[in-house]
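Trainee: Input structure: structure26.cif, which contains mmCIF, C-alpha atoms.
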data_upload
loop_
_atom_site.group_PDB
_atom_site.id
_atom_site.type_symbol
_atom_site.label_atom_id
_atom_site.label_comp_id
_atom_site.auth_asym_id
_atom_site.auth_seq_id
_atom_site.Cartn_x
_atom_site.Cartn_y
_atom_site.Cartn_z
ATOM 1 C CA MET A 245 0.000 0.000 0.000
ATOM 2 C CA LEU A 246 1.319 3.418 -0.952
ATOM 3 C CA SER A 247 0.916 6.087 1.692
ATOM 4 C CA LEU A 248 2.572 9.271 2.875
ATOM 5 C CA SER A 249 5.349 8.966 5.418
ATOM 6 C CA GLN A 250 4.478 9.369 9.073
ATOM 7 C CA THR A 251 6.371 12.671 9.074
ATOM 8 C CA ALA A 252 4.410 14.065 6.112
ATOM 9 C CA GLY A 253 1.147 12.932 7.690
ATOM 10 C CA TYR A 254 2.045 14.536 11.013
ATOM 11 C CA VAL A 255 3.022 17.806 9.352
ATOM 12 C CA ILE A 256 -0.181 18.025 7.304
ATOM 13 C CA VAL A 257 -2.317 17.354 10.392
ATOM 14 C CA ALA A 258 -0.339 19.904 12.441
ATOM 15 C CA MET A 259 -0.462 22.578 9.735
ATOM 16 C CA ALA A 260 -4.243 22.159 9.573
ATOM 17 C CA GLU A 261 -4.273 23.392 13.187
ATOM 18 C CA LEU A 262 -2.491 26.661 12.389
ATOM 19 C CA ASN A 263 -3.934 30.088 11.786
ATOM 20 C CA PRO A 264 -3.279 32.110 8.623
ATOM 21 C CA PRO A 265 -0.568 34.810 8.758
ATOM 22 C CA GLU A 266 -3.023 37.462 9.971
ATOM 23 C CA GLY A 267 -4.235 35.247 12.843
ATOM 24 C CA PRO A 268 -2.545 34.901 16.208
ATOM 25 C CA PRO A 269 0.421 32.529 16.462
ATOM 26 C CA ARG A 270 0.004 29.218 18.270
ATOM 27 C CA LEU A 271 2.615 27.535 20.425
ATOM 28 C CA VAL A 272 4.191 24.436 18.869
ATOM 29 C CA LYS A 273 3.336 22.461 21.998
ATOM 30 C CA GLU A 274 -0.317 23.516 21.702
ATOM 31 C CA VAL A 275 -0.444 22.590 17.995
ATOM 32 C CA ALA A 276 1.175 19.207 18.647
ATOM 33 C CA ASN A 277 -1.307 18.475 21.419
ATOM 34 C CA ALA A 278 -4.276 19.490 19.237
ATOM 35 C CA ALA A 279 -2.994 17.365 16.355
ATOM 36 C CA GLY A 280 -2.185 14.396 18.588
ATOM 37 C CA ILE A 281 1.516 14.225 17.714
ATOM 38 C CA PRO A 282 4.665 14.440 19.857
ATOM 39 C CA ALA A 283 5.671 18.057 20.522
ATOM 40 C CA ALA A 284 9.398 17.283 20.351
ATOM 41 C CA TYR A 285 8.900 15.719 16.920
ATOM 42 C CA LEU A 286 7.008 18.750 15.591
ATOM 43 C CA SER A 287 9.519 21.190 17.118
ATOM 44 C CA LYS A 288 12.292 19.608 15.060
ATOM 45 C CA ILE A 289 10.328 20.095 11.832
ATOM 46 C CA VAL A 290 9.123 23.690 12.389
ATOM 47 C CA HIS A 291 12.442 25.246 11.334
ATOM 48 C CA GLN A 292 12.454 23.198 8.123
ATOM 49 C CA LEU A 293 8.901 24.321 7.320
ATOM 50 C CA GLY A 294 9.872 27.941 7.929
ATOM 51 C CA GLU A 295 12.805 27.660 5.530
ATOM 52 C CA SER A 296 10.446 26.189 2.947
ATOM 53 C CA GLY A 297 8.184 29.237 3.193
ATOM 54 C CA LEU A 298 5.268 27.350 4.707
ATOM 55 C CA LEU A 299 5.358 28.660 8.287
ATOM 56 C CA ILE A 300 6.200 31.881 10.076
ATOM 57 C CA SER A 301 7.813 31.369 13.449
ATOM 58 C CA ARG A 302 7.876 34.179 16.019
ATOM 59 C CA ARG A 303 9.858 34.147 19.249
ATOM 60 C CA GLY A 304 9.039 35.907 22.447
ATOM 61 C CA ARG A 305 6.079 36.581 24.671
ATOM 62 C CA ASN A 306 3.470 36.577 21.885
ATOM 63 C CA GLY A 307 5.423 34.097 19.787
ATOM 64 C CA GLY A 308 4.450 30.880 18.120
ATOM 65 C CA VAL A 309 3.778 29.717 14.582
ATOM 66 C CA THR A 310 1.307 30.632 11.853
ATOM 67 C CA LEU A 311 0.946 29.635 8.246
ATOM 68 C CA ALA A 312 3.061 31.775 5.930
ATOM 69 C CA ARG A 313 0.260 31.906 3.346
ATOM 70 C CA SER A 314 -3.431 31.222 3.137
ATOM 71 C CA PRO A 315 -4.282 27.507 3.460
ATOM 72 C CA ASP A 316 -5.808 27.788 -0.030
ATOM 73 C CA ASP A 317 -2.329 28.658 -1.345
ATOM 74 C CA ILE A 318 -0.443 25.740 0.240
ATOM 75 C CA ASN A 319 -0.725 22.424 -1.548
ATOM 76 C CA LEU A 320 0.027 18.989 -0.132
ATOM 77 C CA LEU A 321 2.850 18.377 -2.602
ATOM 78 C CA GLU A 322 4.696 21.435 -1.228
ATOM 79 C CA ILE A 323 4.351 20.083 2.290
ATOM 80 C CA CYS A 324 5.569 16.599 1.338
ATOM 81 C CA GLU A 325 8.537 18.026 -0.544
ATOM 82 C CA ALA A 326 9.393 20.350 2.368
ATOM 83 C CA VAL A 327 9.762 17.456 4.802
ATOM 84 C CA GLU A 328 10.781 14.588 2.500
ATOM 85 C CA GLY A 329 12.712 16.280 -0.294
ATOM 86 C CA ARG A 330 11.918 16.766 -3.968
ATOM 87 C CA GLU A 331 12.273 13.097 -4.927
ATOM 88 C CA TRP A 332 10.296 11.729 -1.979
ATOM 89 C CA LEU A 333 8.287 9.377 -4.221
ATOM 90 C CA GLY A 334 11.473 7.888 -5.623
ATOM 91 C CA ARG A 335 12.387 7.344 -9.221
ATOM 92 C CA CYS A 336 12.060 3.572 -8.874
ATOM 93 C CA LEU A 337 9.334 1.698 -7.017
ATOM 94 C CA LEU A 338 11.897 -0.934 -6.030
ATOM 95 C CA GLY A 339 14.472 1.673 -5.032
ATOM 96 C CA LEU A 340 16.978 0.550 -7.645
ATOM 97 C CA GLU A 341 19.634 3.152 -8.480
ATOM 98 C CA ILE A 342 20.129 1.753 -11.987
ATOM 99 C CA CYS A 343 16.467 2.057 -12.993
ATOM 100 C CA SER A 344 15.815 4.718 -15.651
ATOM 101 C CA ASP A 345 13.974 5.208 -18.934
ATOM 102 C CA GLU A 346 17.022 3.752 -20.672
ATOM 103 C CA ARG A 347 17.390 0.764 -18.318
ATOM 104 C CA ALA A 348 13.935 0.131 -16.875
ATOM 105 C CA CYS A 349 13.269 -2.333 -14.058
ATOM 106 C CA PRO A 350 10.149 -4.541 -14.290
ATOM 107 C CA THR A 351 8.033 -1.968 -12.368
ATOM 108 C CA HIS A 352 9.268 1.130 -14.240
ATOM 109 C CA GLU A 353 6.467 1.367 -16.803
ATOM 110 C CA PHE A 354 3.895 0.952 -14.036
ATOM 111 C CA TRP A 355 5.498 3.348 -11.518
ATOM 112 C CA LYS A 356 6.467 6.288 -13.728
ATOM 113 C CA PRO A 357 2.913 7.386 -14.732
ATOM 114 C CA LEU A 358 1.508 6.506 -11.314
ATOM 115 C CA ARG A 359 4.179 8.603 -9.572
ATOM 116 C CA GLU A 360 3.273 11.585 -11.770
ATOM 117 C CA LYS A 361 -0.423 11.054 -11.081
ATOM 118 C CA VAL A 362 0.213 11.078 -7.313
ATOM 119 C CA ARG A 363 2.326 14.251 -7.604
ATOM 120 C CA SER A 364 -0.353 15.950 -9.711
ATOM 121 C CA ARG A 365 -3.167 15.062 -7.321
ATOM 122 C CA LEU A 366 -1.212 16.263 -4.275
ATOM 123 C CA ALA A 367 -0.472 19.515 -6.113
ATOM 124 C CA ASP A 368 -4.225 19.973 -6.636
ATOM 125 C CA LEU A 369 -5.138 19.331 -2.986
ATOM 126 C CA THR A 370 -4.651 22.220 -0.579
ATOM 127 C CA LEU A 371 -4.266 22.542 3.137
ATOM 128 C CA ALA A 372 -7.686 24.251 3.071
ATOM 129 C CA ASP A 373 -9.156 20.990 1.720
ATOM 130 C CA ILE A 374 -7.724 19.140 4.717
ATOM 131 C CA MET A 375 -9.002 21.818 7.098
ATOM 132 C CA ARG A 376 -12.486 21.550 5.633
ATOM 133 C CA PHE A 377 -12.407 17.770 5.958
ATOM 134 C CA GLU A 378 -10.893 17.457 9.436
ATOM 135 C CA GLY A 379 -10.164 20.850 10.955
ATOM 136 C CA LYS A 380 -13.556 21.744 12.343
ATOM 137 C CA ALA A 381 -14.009 18.325 13.932
ATOM 138 C CA TRP A 382 -10.621 18.577 15.701
ATOM 139 C CA ARG A 383 -11.231 22.128 16.887
ATOM 140 C CA THR A 384 -14.739 21.365 18.105
ATOM 141 C CA GLN A 385 -13.582 18.311 20.036
ATOM 142 C CA LEU A 386 -10.780 20.292 21.677
ATOM 143 C CA ASN A 387 -12.859 23.500 22.020
ATOM 144 C CA LEU A 388 -10.316 25.504 20.012
ATOM 145 C CA PRO A 389 -11.217 28.702 18.149
ATOM 146 C CA PHE A 390 -11.088 29.318 14.415
ATOM 147 C CA PHE A 391 -9.700 32.548 13.022
ATOM 148 C CA VAL A 392 -11.088 34.028 9.831
ATOM 149 C CA ASP A 393 -9.741 37.368 8.611
ATOM 150 C CA GLY A 394 -8.208 37.889 12.058
ATOM 151 C CA SER A 395 -11.578 37.550 13.810
ATOM 152 C CA GLU A 396 -12.155 34.697 16.259
ATOM 153 C CA LEU A 397 -15.073 32.382 15.579
ATOM 154 C CA THR A 398 -16.107 29.693 18.034
ATOM 155 C CA ALA A 399 -16.307 26.159 16.671
ATOM 156 C CA LYS A 400 -19.824 24.782 16.651
#
Just give me the structure as structure tokens.
Mentor:
Amino acid sequence: MLSLSQTAGYVIVAMAELNPPEGPPRLVKEVANAAGIPAAYLSKIVHQLGESGLLISRRGRNGGVTLARSPDDINLLEICEAVEGREWLGRCLLGLEICSDERACPTHEFWKPLREKVRSRLADLTLADIMRFEGKAWRTQLNLPFFVDGSELTAK
């Protein structure tokens, strides 16, 4: 079964808990708790996400993290590539270094178009799609607020 790595899954779930740039920052520990992932694990990834232009991290009394852009402008492929690297799907399904168009392994013709289809679909899906699917349920269960255009809305 093909699935995202645990790290990519964690990051997507955690990012769905963040506010847009105009909203108030959230503490990494608070986000990790809301997303149900280890805080130490998320803390290690936050810097990487900031360098990738996905998060804004602020230090100090009113510090924390927010999304760097609107969730509608962040796609899942960007997130996967930020934490796993550009070639995270691998050129070869079997992981063979010698596999290429010129010297194709037995799975090459199957994997090449499928890999591109996965990349394309993840590029079409946004963090906003994930928030719509899961975000409200998580925030309601944990009694966390939503922020829209900087204004706090209570989850129903």
Trainee: Which distance in Å separates atom CA of Glu325 of chain A and atom CA of Val257 of chain A, to one decimal?
Mentor: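 Rounded to one decimal, the two atoms are 15.4 Å apart.
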Trainee: Between A:Leu340, A:Ala326, A:Leu366, A:Val275, which one has atoms that come closest to Ala252 of chain A, using only C-alpha atoms?
Mentor: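 Closest candidate: A:Ala326.
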Trainee: Return the single residue from A:Leu248, A:Ala284, A:Met259, A:Cys336 that is closest to His352 of chain A, with distances computed using all atoms listed in the file.
Mentor: A:Cys336
Trainee: Listing only residues of segment 292-313 of chain A within 12 Å of segment 370-375 of chain A, what is the closest atom pair and its distance in Å (to one decimal) for each, using only C-alpha atoms, sorted by chain and residue number ascending, as a tab-separated table?
Mentor:
residue	atom	partner	partner_atom	distance
A:Leu298	CA	A:Leu371	CA	10.8
A:Leu311	CA	A:Leu371	CA	10.2
A:Arg313	CA	A:Leu371	CA	10.4
Trainee: With all atoms listed in the file as the basis for distance, which of A:Leu293, A:Glu261, A:Glu353, A:Glu274 is at the shortest distance from Arg376 of chain A?
Mentor: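 Of A:Leu293, A:Glu261, A:Glu353, A:Glu274, the one nearest Arg376 of chain A is A:Glu261, counting all atoms listed in the file.
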Trainee: Using all atoms listed in the file, find the one residue out of A:Ser287, A:Glu341, A:Asn306, A:Ile318 that sits nearest to Asp368 of chain A.
Mentor: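 Checking each of A:Ser287, A:Glu341, A:Asn306, A:Ile318 against Asp368 of chain A, counting all atoms listed in the file, the winner is A:Ile318.
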Trainee: Nearest to Asn277 of chain A: which of A:Glu295, A:Leu320, A:Val309, A:Ala258 is it, counting all atoms listed in the file?
Mentor: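 Among A:Glu295, A:Leu320, A:Val309, A:Ala258, it is A:Ala258 that comes nearest to Asn277 of chain A.
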Trainee: Do you have the atom CA of Glu266 of chain A-atom CA of Gln250 of chain A distance handy?
Mentor: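 Here the two named atoms are 29.1 Å from each other.
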Trainee: From the list A:Tyr285, A:Trp332, A:Tyr254, A:Leu271, which residue is nearest Ile300 of chain A when using only C-alpha atoms?
Mentor: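 Distance minimum relative to Ile300 of chain A lands on A:Leu271.
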Trainee: One decimal, in Å: what's the spacing between atom CA of Ala278 of chain A and atom CA of Leu333 of chain A?
Mentor: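 These two atoms are separated by 28.5 Å.
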Trainee: Would you kindly translate the PyMOL selection byres ((chain A and resi 356) around 12) into the concrete residues it picks from this file, as a list in words?
Mentor: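 Applying the expression gives Leu333, Gly334, Arg335, Cys336, Leu337, Leu338, Cys343, Ser344, Asp345, Ala348, Cys349, Pro350, Thr351, His352, Glu353, Phe354, Trp355, Pro357, Leu358, Arg359, Glu360, Lys361, Val362 and Arg363 of chain A.
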